[in-house]
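Chemist: Next comes entry-v6.pdb, PDB, C-alpha atoms, pLDDT in the B column:
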```
ATOM      1  CA  MET A   1       0.000   0.000   0.000  1.00 62.00           C
ATOM      2  CA  GLN A   2       2.824   2.394   0.909  1.00 74.00           C
ATOM      3  CA  ASN A   3       4.604   1.670  -2.371  1.00 85.00           C
ATOM      4  CA  HIS A   4       1.462   2.532  -4.313  1.00 89.00           C
ATOM      5  CA  PHE A   5       1.077   5.721  -2.312  1.00 89.00           C
ATOM      6  CA  MET A   6       4.663   6.797  -2.963  1.00 90.00           C
ATOM      7  CA  LYS A   7       4.183   6.129  -6.666  1.00 93.00           C
ATOM      8  CA  GLU A   8       1.050   8.277  -6.610  1.00 92.00           C
ATOM      9  CA  LEU A   9       2.973  11.106  -4.940  1.00 92.00           C
ATOM     10  CA  GLY A  10       5.568  10.865  -7.695  1.00 93.00           C
ATOM     11  CA  ASN A  11       2.842  11.103 -10.314  1.00 94.00           C
ATOM     12  CA  LEU A  12       1.348  14.158  -8.618  1.00 95.00           C
ATOM     13  CA  ARG A  13       4.737  15.834  -8.448  1.00 94.00           C
ATOM     14  CA  GLY A  14       5.237  15.110 -12.143  1.00 95.00           C
ATOM     15  CA  LEU A  15       1.889  16.733 -12.974  1.00 96.00           C
ATOM     16  CA  LEU A  16       2.869  19.808 -10.968  1.00 96.00           C
ATOM     17  CA  CYS A  17       6.188  20.065 -12.802  1.00 95.00           C
ATOM     18  CA  LEU A  18       4.457  19.878 -16.183  1.00 96.00           C
ATOM     19  CA  GLN A  19       1.934  22.491 -15.095  1.00 97.00           C
ATOM     20  CA  GLY A  20       4.779  24.653 -13.839  1.00 97.00           C
ATOM     21  CA  ALA A  21       6.542  24.433 -17.200  1.00 97.00           C
ATOM     22  CA  ASN A  22       3.375  25.586 -18.975  1.00 97.00           C
ATOM     23  CA  VAL A  23       2.945  28.459 -16.547  1.00 98.00           C
ATOM     24  CA  GLN A  24       6.584  29.489 -16.948  1.00 97.00           C
ATOM     25  CA  LYS A  25       6.153  29.533 -20.724  1.00 97.00           C
ATOM     26  CA  ALA A  26       3.001  31.664 -20.440  1.00 97.00           C
ATOM     27  CA  ILE A  27       4.787  34.201 -18.246  1.00 97.00           C
ATOM     28  CA  GLU A  28       7.784  34.336 -20.577  1.00 96.00           C
ATOM     29  CA  GLN A  29       5.531  34.889 -23.596  1.00 97.00           C
ATOM     30  CA  ALA A  30       3.477  37.527 -21.779  1.00 96.00           C
ATOM     31  CA  ILE A  31       6.601  39.506 -20.905  1.00 94.00           C
ATOM     32  CA  GLN A  32       7.825  39.207 -24.483  1.00 94.00           C
ATOM     33  CA  SER A  33       4.493  40.377 -25.885  1.00 94.00           C
ATOM     34  CA  PHE A  34       4.536  43.422 -23.611  1.00 90.00           C
ATOM     35  CA  SER A  35       8.114  44.308 -24.572  1.00 87.00           C
ATOM     36  CA  THR A  36       7.664  43.822 -28.310  1.00 88.00           C
ATOM     37  CA  GLY A  37       4.009  44.706 -28.838  1.00 88.00           C
ATOM     38  CA  ASP A  38       3.341  41.240 -30.270  1.00 94.00           C
ATOM     39  CA  THR A  39      -0.435  41.022 -29.931  1.00 95.00           C
ATOM     40  CA  VAL A  40      -0.595  37.606 -31.614  1.00 96.00           C
ATOM     41  CA  LEU A  41       1.661  36.183 -28.911  1.00 97.00           C
ATOM     42  CA  ALA A  42      -0.356  37.990 -26.253  1.00 97.00           C
ATOM     43  CA  GLN A  43      -3.583  36.475 -27.566  1.00 97.00           C
ATOM     44  CA  GLN A  44      -1.933  33.055 -27.515  1.00 97.00           C
ATOM     45  CA  VAL A  45      -1.158  33.462 -23.815  1.00 97.00           C
ATOM     46  CA  ILE A  46      -4.764  34.399 -23.108  1.00 97.00           C
ATOM     47  CA  SER A  47      -6.196  31.507 -25.117  1.00 96.00           C
ATOM     48  CA  GLN A  48      -3.941  28.979 -23.378  1.00 96.00           C
ATOM     49  CA  ASP A  49      -5.120  30.044 -19.928  1.00 96.00           C
ATOM     50  CA  SER A  50      -8.190  27.798 -20.134  1.00 96.00           C
ATOM     51  CA  VAL A  51      -5.892  24.807 -20.673  1.00 97.00           C
ATOM     52  CA  ILE A  52      -3.966  25.682 -17.517  1.00 97.00           C
ATOM     53  CA  ASP A  53      -7.244  26.178 -15.641  1.00 97.00           C
ATOM     54  CA  MET A  54      -8.484  22.723 -16.647  1.00 97.00           C
ATOM     55  CA  GLU A  55      -5.197  21.139 -15.652  1.00 97.00           C
ATOM     56  CA  GLU A  56      -5.377  22.858 -12.264  1.00 97.00           C
ATOM     57  CA  ILE A  57      -8.766  21.227 -11.706  1.00 97.00           C
ATOM     58  CA  ARG A  58      -7.464  17.839 -12.822  1.00 97.00           C
ATOM     59  CA  ILE A  59      -4.476  17.975 -10.483  1.00 97.00           C
ATOM     60  CA  GLU A  60      -6.683  18.993  -7.571  1.00 97.00           C
ATOM     61  CA  GLU A  61      -9.031  16.099  -8.291  1.00 97.00           C
ATOM     62  CA  GLU A  62      -6.086  13.698  -8.371  1.00 96.00           C
ATOM     63  CA  CYS A  63      -4.907  15.024  -5.020  1.00 96.00           C
ATOM     64  CA  LEU A  64      -8.372  14.583  -3.512  1.00 96.00           C
ATOM     65  CA  LYS A  65      -8.581  11.031  -4.885  1.00 94.00           C
ATOM     66  CA  THR A  66      -5.247  10.271  -3.263  1.00 94.00           C
ATOM     67  CA  LEU A  67      -6.471  11.611   0.071  1.00 92.00           C
ATOM     68  CA  ALA A  68      -9.653   9.528  -0.124  1.00 93.00           C
ATOM     69  CA  LEU A  69      -7.967   6.322  -1.254  1.00 89.00           C
ATOM     70  CA  TYR A  70      -4.899   6.266   1.008  1.00 90.00           C
ATOM     71  CA  GLN A  71      -6.025   8.468   3.912  1.00 88.00           C
ATOM     72  CA  PRO A  72      -2.463   9.617   4.630  1.00 85.00           C
ATOM     73  CA  VAL A  73      -1.406  11.049   7.987  1.00 86.00           C
ATOM     74  CA  ALA A  74       1.443  13.174   9.349  1.00 85.00           C
ATOM     75  CA  GLY A  75       4.118  13.932   6.749  1.00 84.00           C
ATOM     76  CA  ASP A  76       2.303  12.141   3.943  1.00 89.00           C
ATOM     77  CA  LEU A  77      -0.836  14.185   4.541  1.00 91.00           C
ATOM     78  CA  ARG A  78       1.277  17.333   4.640  1.00 90.00           C
ATOM     79  CA  THR A  79       2.725  16.447   1.245  1.00 92.00           C
ATOM     80  CA  VAL A  80      -0.630  16.108  -0.498  1.00 93.00           C
ATOM     81  CA  ILE A  81      -1.980  19.285   1.098  1.00 92.00           C
ATOM     82  CA  SER A  82       1.173  21.117  -0.005  1.00 92.00           C
ATOM     83  CA  TYR A  83       0.682  19.893  -3.566  1.00 95.00           C
ATOM     84  CA  ILE A  84      -2.873  21.254  -3.570  1.00 96.00           C
ATOM     85  CA  LYS A  85      -1.633  24.673  -2.448  1.00 95.00           C
ATOM     86  CA  ILE A  86       1.223  24.700  -4.967  1.00 96.00           C
ATOM     87  CA  ASN A  87      -1.220  23.764  -7.721  1.00 97.00           C
ATOM     88  CA  THR A  88      -3.426  26.733  -6.850  1.00 97.00           C
ATOM     89  CA  SER A  89      -0.451  29.098  -6.796  1.00 97.00           C
ATOM     90  CA  LEU A  90       0.679  27.995 -10.252  1.00 98.00           C
ATOM     91  CA  GLU A  91      -2.781  28.668 -11.678  1.00 97.00           C
ATOM     92  CA  ARG A  92      -2.771  32.142 -10.131  1.00 98.00           C
ATOM     93  CA  MET A  93       0.586  32.848 -11.784  1.00 98.00           C
ATOM     94  CA  ALA A  94      -0.973  32.020 -15.138  1.00 98.00           C
ATOM     95  CA  ASP A  95      -3.748  34.508 -14.375  1.00 97.00           C
ATOM     96  CA  PHE A  96      -1.148  37.238 -13.926  1.00 97.00           C
ATOM     97  CA  ALA A  97       0.455  36.206 -17.218  1.00 98.00           C
ATOM     98  CA  CYS A  98      -2.950  36.844 -18.814  1.00 97.00           C
ATOM     99  CA  HIS A  99      -3.107  40.254 -17.171  1.00 96.00           C
ATOM    100  CA  MET A 100       0.266  41.136 -18.705  1.00 96.00           C
ATOM    101  CA  ALA A 101      -0.848  39.887 -22.116  1.00 97.00           C
ATOM    102  CA  GLU A 102      -4.009  41.989 -21.908  1.00 96.00           C
ATOM    103  CA  ARG A 103      -1.893  45.033 -21.089  1.00 93.00           C
ATOM    104  CA  ALA A 104       0.280  44.280 -24.128  1.00 93.00           C
ATOM    105  CA  ILE A 105      -2.793  44.287 -26.378  1.00 94.00           C
ATOM    106  CA  ASN A 106      -4.018  47.525 -24.827  1.00 91.00           C
ATOM    107  CA  ILE A 107      -0.669  49.256 -25.368  1.00 85.00           C
ATOM    108  CA  ALA A 108      -0.478  48.121 -28.993  1.00 85.00           C
ATOM    109  CA  ARG A 109      -3.675  50.076 -29.743  1.00 83.00           C
ATOM    110  CA  HIS A 110      -1.906  53.382 -29.109  1.00 77.00           C
ATOM    111  CA  SER A 111       0.690  55.319 -31.062  1.00 69.00           C
ATOM    112  CA  PRO A 112       4.284  54.088 -30.712  1.00 75.00           C
ATOM    113  CA  LEU A 113       6.424  55.839 -28.100  1.00 77.00           C
ATOM    114  CA  SER A 114       9.985  57.028 -28.422  1.00 79.00           C
ATOM    115  CA  GLU A 115      12.859  55.066 -26.900  1.00 76.00           C
ATOM    116  CA  GLN A 116      13.176  57.694 -24.202  1.00 75.00           C
ATOM    117  CA  GLU A 117       9.562  57.238 -23.148  1.00 78.00           C
ATOM    118  CA  LEU A 118       9.684  53.443 -22.863  1.00 82.00           C
ATOM    119  CA  PHE A 119      10.285  51.559 -19.623  1.00 84.00           C
ATOM    120  CA  ASP A 120      12.886  48.816 -19.318  1.00 88.00           C
ATOM    121  CA  PHE A 121      11.446  45.897 -17.359  1.00 90.00           C
ATOM    122  CA  THR A 122      14.345  43.563 -18.185  1.00 93.00           C
ATOM    123  CA  PRO A 123      16.010  43.510 -14.726  1.00 95.00           C
ATOM    124  CA  MET A 124      12.722  42.927 -12.903  1.00 96.00           C
ATOM    125  CA  SER A 125      11.303  40.396 -15.349  1.00 95.00           C
ATOM    126  CA  SER A 126      14.606  38.489 -15.461  1.00 96.00           C
ATOM    127  CA  LEU A 127      14.735  38.250 -11.665  1.00 97.00           C
ATOM    128  CA  VAL A 128      11.126  37.093 -11.425  1.00 97.00           C
ATOM    129  CA  GLN A 129      11.662  34.471 -14.124  1.00 96.00           C
ATOM    130  CA  ASP A 130      14.797  33.226 -12.345  1.00 97.00           C
ATOM    131  CA  MET A 131      12.813  32.947  -9.117  1.00 97.00           C
ATOM    132  CA  LEU A 132      10.122  30.963 -10.909  1.00 97.00           C
ATOM    133  CA  LEU A 133      12.560  28.587 -12.615  1.00 96.00           C
ATOM    134  CA  ASN A 134      14.312  27.933  -9.306  1.00 97.00           C
ATOM    135  CA  THR A 135      10.964  27.430  -7.601  1.00 97.00           C
ATOM    136  CA  LEU A 136       9.942  24.805 -10.151  1.00 96.00           C
ATOM    137  CA  HIS A 137      13.273  23.051  -9.590  1.00 95.00           C
ATOM    138  CA  ILE A 138      12.604  23.133  -5.850  1.00 95.00           C
ATOM    139  CA  VAL A 139       9.151  21.585  -6.320  1.00 94.00           C
ATOM    140  CA  ASP A 140      10.759  18.770  -8.292  1.00 93.00           C
ATOM    141  CA  THR A 141      13.710  18.173  -5.956  1.00 92.00           C
ATOM    142  CA  GLY A 142      12.496  19.384  -2.564  1.00 87.00           C
ATOM    143  CA  ASP A 143      15.679  21.436  -2.129  1.00 90.00           C
ATOM    144  CA  PHE A 144      14.516  23.593   0.773  1.00 85.00           C
ATOM    145  CA  ARG A 145      17.952  25.243   1.079  1.00 87.00           C
ATOM    146  CA  MET A 146      17.498  26.774  -2.369  1.00 93.00           C
ATOM    147  CA  ALA A 147      13.993  27.743  -1.293  1.00 94.00           C
ATOM    148  CA  HIS A 148      15.470  30.094   1.316  1.00 93.00           C
ATOM    149  CA  LYS A 149      17.493  31.828  -1.424  1.00 94.00           C
ATOM    150  CA  VAL A 150      14.402  32.391  -3.552  1.00 96.00           C
ATOM    151  CA  ILE A 151      12.526  33.855  -0.594  1.00 95.00           C
ATOM    152  CA  GLU A 152      15.359  36.319   0.024  1.00 95.00           C
ATOM    153  CA  GLN A 153      15.043  37.608  -3.559  1.00 96.00           C
ATOM    154  CA  ASP A 154      11.449  38.687  -3.012  1.00 96.00           C
ATOM    155  CA  GLU A 155      12.503  41.893  -1.276  1.00 96.00           C
ATOM    156  CA  ALA A 156      14.485  42.950  -4.347  1.00 97.00           C
ATOM    157  CA  VAL A 157      11.406  42.442  -6.527  1.00 97.00           C
ATOM    158  CA  ASP A 158       9.315  44.508  -4.108  1.00 97.00           C
ATOM    159  CA  ALA A 159      11.857  47.332  -4.325  1.00 97.00           C
ATOM    160  CA  MET A 160      11.840  47.191  -8.130  1.00 96.00           C
ATOM    161  CA  ARG A 161       8.071  47.385  -8.165  1.00 96.00           C
ATOM    162  CA  ASN A 162       8.127  50.465  -5.935  1.00 96.00           C
ATOM    163  CA  ASN A 163      10.769  52.101  -8.124  1.00 95.00           C
ATOM    164  CA  HIS A 164       8.785  51.425 -11.306  1.00 93.00           C
ATOM    165  CA  ARG A 165       5.673  52.879  -9.714  1.00 94.00           C
ATOM    166  CA  SER A 166       7.498  56.043  -8.652  1.00 95.00           C
ATOM    167  CA  HIS A 167       9.132  56.448 -12.060  1.00 92.00           C
ATOM    168  CA  ALA A 168       5.833  55.883 -13.866  1.00 92.00           C
ATOM    169  CA  LYS A 169       4.105  58.559 -11.817  1.00 93.00           C
ATOM    170  CA  ALA A 170       6.884  61.009 -12.670  1.00 93.00           C
ATOM    171  CA  ALA A 171       6.786  60.003 -16.343  1.00 92.00           C
ATOM    172  CA  ILE A 172       3.065  60.719 -16.548  1.00 93.00           C
ATOM    173  CA  ILE A 173       3.823  64.335 -15.638  1.00 94.00           C
ATOM    174  CA  SER A 174       6.645  64.567 -18.193  1.00 91.00           C
ATOM    175  CA  TYR A 175       4.823  62.683 -20.968  1.00 90.00           C
ATOM    176  CA  PRO A 176       1.069  63.065 -20.360  1.00 92.00           C
ATOM    177  CA  HIS A 177       0.250  61.779 -23.851  1.00 88.00           C
ATOM    178  CA  ALA A 178       1.612  58.377 -22.737  1.00 89.00           C
ATOM    179  CA  ALA A 179      -0.285  58.261 -19.431  1.00 91.00           C
ATOM    180  CA  GLU A 180      -2.179  55.079 -20.294  1.00 90.00           C
ATOM    181  CA  TYR A 181       1.084  53.310 -21.151  1.00 89.00           C
ATOM    182  CA  TYR A 182       2.586  54.237 -17.792  1.00 91.00           C
ATOM    183  CA  ILE A 183      -0.532  53.098 -15.975  1.00 93.00           C
ATOM    184  CA  ASP A 184      -0.125  49.736 -17.706  1.00 92.00           C
ATOM    185  CA  CYS A 185       3.539  49.750 -16.672  1.00 92.00           C
ATOM    186  CA  ILE A 186       2.478  50.151 -13.048  1.00 94.00           C
ATOM    187  CA  GLY A 187       0.110  47.225 -13.562  1.00 95.00           C
ATOM    188  CA  LEU A 188       2.815  45.103 -15.177  1.00 94.00           C
ATOM    189  CA  ALA A 189       5.188  45.725 -12.278  1.00 95.00           C
ATOM    190  CA  ARG A 190       2.416  44.701  -9.903  1.00 97.00           C
ATOM    191  CA  ASP A 191       1.768  41.513 -11.904  1.00 97.00           C
ATOM    192  CA  LEU A 192       5.449  40.589 -11.799  1.00 97.00           C
ATOM    193  CA  GLU A 193       5.600  41.305  -8.073  1.00 98.00           C
ATOM    194  CA  ARG A 194       2.592  39.078  -7.449  1.00 98.00           C
ATOM    195  CA  ILE A 195       4.198  36.238  -9.423  1.00 98.00           C
ATOM    196  CA  ALA A 196       7.282  36.633  -7.218  1.00 98.00           C
ATOM    197  CA  ASP A 197       5.044  36.554  -4.131  1.00 97.00           C
ATOM    198  CA  LEU A 198       3.454  33.310  -5.319  1.00 98.00           C
ATOM    199  CA  ALA A 199       6.873  31.778  -6.007  1.00 97.00           C
ATOM    200  CA  THR A 200       7.895  32.802  -2.501  1.00 97.00           C
ATOM    201  CA  GLY A 201       4.758  31.190  -1.098  1.00 95.00           C
ATOM    202  CA  ILE A 202       5.538  27.933  -2.894  1.00 96.00           C
ATOM    203  CA  CYS A 203       9.069  27.960  -1.474  1.00 95.00           C
ATOM    204  CA  GLN A 204       7.683  28.555   2.010  1.00 93.00           C
ATOM    205  CA  GLN A 205       5.385  25.590   1.448  1.00 91.00           C
ATOM    206  CA  ILE A 206       8.350  23.393   0.472  1.00 92.00           C
ATOM    207  CA  ILE A 207      10.237  24.445   3.594  1.00 91.00           C
ATOM    208  CA  TYR A 208       7.190  23.520   5.662  1.00 87.00           C
ATOM    209  CA  LEU A 209       6.893  20.241   3.813  1.00 83.00           C
ATOM    210  CA  ARG A 210      10.517  19.267   4.414  1.00 80.00           C
ATOM    211  CA  THR A 211      11.067  20.673   7.900  1.00 80.00           C
ATOM    212  CA  GLY A 212       7.661  21.310   9.454  1.00 71.00           C
ATOM    213  CA  LEU A 213       8.656  24.957  10.001  1.00 66.00           C
ATOM    214  CA  ILE A 214       6.135  27.679   9.141  1.00 67.00           C
ATOM    215  CA  THR A 215       7.989  30.651   7.625  1.00 67.00           C
ATOM    216  CA  ARG A 216       4.976  32.662   6.453  1.00 62.00           C
ATOM    217  CA  HIS A 217       4.273  36.092   7.988  1.00 54.00           C
ATOM    218  CA  LYS A 218       7.817  36.416   9.317  1.00 57.00           C
ATOM    219  CA  GLY A 219      10.062  39.415   8.847  1.00 50.00           C
TER     220      GLY A 219
END
```
Starting from the coordinates I provided, produce the structure as structure tokens.
Modeler:
Amino acid sequence: MQNHFMKELGNLRGLLCLQGANVQKAIEQAIQSFSTGDTVLAQQVISQDSVIDMEEIRIEEECLKTLALYQPVAGDLRTVISYIKINTSLERMADFACHMAERAINIARHSPLSEQELFDFTPMSSLVQDMLLNTLHIVDTGDFRMAHKVIEQDEAVDAMRNNHRSHAKAAIISYPHAAEYYIDCIGLARDLERIADLATGICQQIIYLRTGLITRHKG
């Protein structure tokens, strides 16, 4: 019975990793569509969201079946519950990818801006994508030591978001004709920050799973 249960946990982890790869791709494409004005790519991100939504439901159902069939306790129960929470977080990340894609489509409707007027999101988006890739590796391997490193990076993302917001507000005064673009930039920075928050939450869940320590709401 235990061997079957462990095999089922491996299958669930595999489903999460595949879902994570799809979410990572959606986020990467959403960032690219915003940076390049590629509305076709943006629409692709939006259309794929329903696939991710359906997979989120399927993974949750598999987790619930596992709970009902094996009735795990202690650490085994903690594992399945953690997988359910991670699954939900991944789906929320995909929602934020859709938000970014929608912003890309909105921006493309307006007149092109000069190089001086454009924002560079490369440092922030690169950091968030690195956090996500490391988080997916942590889900696969359970490396809670790496999880601590990802959590530490969240403060840098928060600072970048605040800087982008301040710069956008100043830019609206300097370039009022591009106000809607800068409002979308504020929204994009918020979307990236929320993805980083969700990655941080997943890492906290892995730490809890491996050590039993609750690191949420600290410092």
Chemist: Could you tell me, as a list of chain:residue names, exactly which residues end up selected when the PyMOL selection byres ((chain A and resi 40) around 12) is applied to this structure?
Modeler: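 Expected selection for the PyMOL selection byres ((chain A and resi 40) around 12) here is A:Gln29, A:Ala30, A:Gln32, A:Ser33, A:Phe34, A:Thr36, A:Gly37, A:Asp38, A:Thr39, A:Leu41, A:Ala42, A:Gln43, A:Gln44, A:Val45, A:Ile46, A:Ser47, A:Ala101, A:Glu102, A:Ala104, A:Ile105, A:Ala108.
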Chemist: Report as a tab-separated table (two decimals) with C-alpha atoms, keeping the file's coordinate frame the residues that result from applying the PyMOL selection byres ((chain A and resi 160-164) around 10) to the structure here.
Modeler:
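Just written: out.tsv:
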```tsv
chain	number	residue	atom	x	y	z
A	119	PHE	CA	10.28	51.56	-19.62
A	120	ASP	CA	12.89	48.82	-19.32
A	121	PHE	CA	11.45	45.90	-17.36
A	123	PRO	CA	16.01	43.51	-14.73
A	124	MET	CA	12.72	42.93	-12.90
A	125	SER	CA	11.30	40.40	-15.35
A	154	ASP	CA	11.45	38.69	-3.01
A	155	GLU	CA	12.50	41.89	-1.28
A	156	ALA	CA	14.48	42.95	-4.35
A	157	VAL	CA	11.41	42.44	-6.53
A	158	ASP	CA	9.32	44.51	-4.11
A	159	ALA	CA	11.86	47.33	-4.32
A	165	ARG	CA	5.67	52.88	-9.71
A	166	SER	CA	7.50	56.04	-8.65
A	167	HIS	CA	9.13	56.45	-12.06
A	168	ALA	CA	5.83	55.88	-13.87
A	169	LYS	CA	4.11	58.56	-11.82
A	170	ALA	CA	6.88	61.01	-12.67
A	182	TYR	CA	2.59	54.24	-17.79
A	185	CYS	CA	3.54	49.75	-16.67
A	186	ILE	CA	2.48	50.15	-13.05
A	187	GLY	CA	0.11	47.22	-13.56
A	188	LEU	CA	2.82	45.10	-15.18
A	189	ALA	CA	5.19	45.72	-12.28
A	190	ARG	CA	2.42	44.70	-9.90
A	191	ASP	CA	1.77	41.51	-11.90
A	192	LEU	CA	5.45	40.59	-11.80
A	193	GLU	CA	5.60	41.30	-8.07
A	194	ARG	CA	2.59	39.08	-7.45
```
Chemist: Near stretch 88-93 of chain A, counting all atoms listed in the file, which residues have an atom at most 7 Å away, once you skip same-chain residues fewer than 4 positions from it, shown as a PyMOL selection string?
Modeler: chain A and resi 20+23+52-53+56+84+97+195+198
Chemist: Could you state the separation of atom CA of A:Ile207 and atom CA of A:Leu9 in Å, given to one decimal place?
Modeler: 17.4 Å
Chemist: Please work out which residues fall within 12 Å of (13.4, 14.6, -3.0), coordinates as given in the file, with all atoms listed in the file counting, and return them as a list in words.
Modeler: Met6, Leu9, Gly10, Arg13, Thr79, His137, Ile138, Val139, Asp140, Thr141, Gly142, Asp143, Phe144, Ile206, Leu209 and Arg210 of chain A
Chemist: Out of A:Cys203, A:Leu69, A:Ile59, A:Ala196, which residue has the shortest atom-to-atom distance to A:Leu18 when counting only C-alpha atoms?
Modeler: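 The closest residue to A:Leu18 is A:Ile59.
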Chemist: Give the answer as one residue: which of A:Ser50, A:Glu8, A:Gln2, A:Ala94 has the shortest atom-to-atom distance to A:Leu64, using all atoms listed in the file?
Modeler: A:Glu8
Chemist: Env of A:Gln116: 12 Å cut, atoms = only C-alpha atoms, seq-sep filter 5 positions within chain, self excluded. Answer as a ChimeraX atom specification.
Modeler: /A:171,174-175,178
Chemist: Determine the residue membership of the PyMOL selection byres ((chain A and resi 63) around 12) for the file above and supply it as a ChimeraX atom specification.
Modeler: /A:5,8-13,15-16,56-62,64-72,76-88
Chemist: When you draw a straight line from atom CA of A:Cys17 to atom CA of A:Met100, how long is it in Å?
Modeler: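 If I compute the distance from atom CA of A:Cys17 to atom CA of A:Met100, I get 22.7 Å.
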Chemist: Could you tell me which of A:Ala147, A:Met54, A:Ala74, A:Ala179 comes closest to A:Leu113 if we count only C-alpha atoms?
Modeler: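 Among the listed residues, A:Ala179 lies closest to A:Leu113.
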Chemist: Draw an axis-aligned box tight on the listed atoms of stretch 84-99 of chain A, then pad every side by 4 Å and write out centre and edge lengths in Å to one decimal as AutoDock Vina command-line options.
Modeler:
```
--center_x -1.3 --center_y 30.8 --center_z -10.6 --size_x 13.0 --size_y 27.0 --size_z 24.4
```
Chemist: Using all atoms listed in the file, which of the listed residues (A:Val73, A:His177, A:Cys98, A:Arg145) sits closest to A:Pro112?
Modeler: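 Smallest separation from A:Pro112 among the options: A:His177.
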Chemist: So, with only C-alpha atoms as the atoms that count, which of A:Glu55, A:Leu132, A:Gly75, A:Ile107 lies closest to A:Lys25?
Modeler: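 Going through A:Glu55, A:Leu132, A:Gly75, A:Ile107 one by one, the smallest distance to A:Lys25 is for A:Leu132.
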Chemist: If you measure from atom CA of A:Tyr208 to atom CA of A:Leu127, what distance in Å do you get, rounded to one decimal?
Modeler: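 Spanning atom CA of A:Tyr208 to atom CA of A:Leu127 is a straight-line distance of 24.0 Å.
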Chemist: For A:Asp49, which residue among A:Asp95, A:Pro176, A:Thr122, A:Gln153 is the nearest when counting all atoms listed in the file?
Modeler: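 Among the listed residues, the smallest separation from A:Asp49 belongs to A:Asp95.
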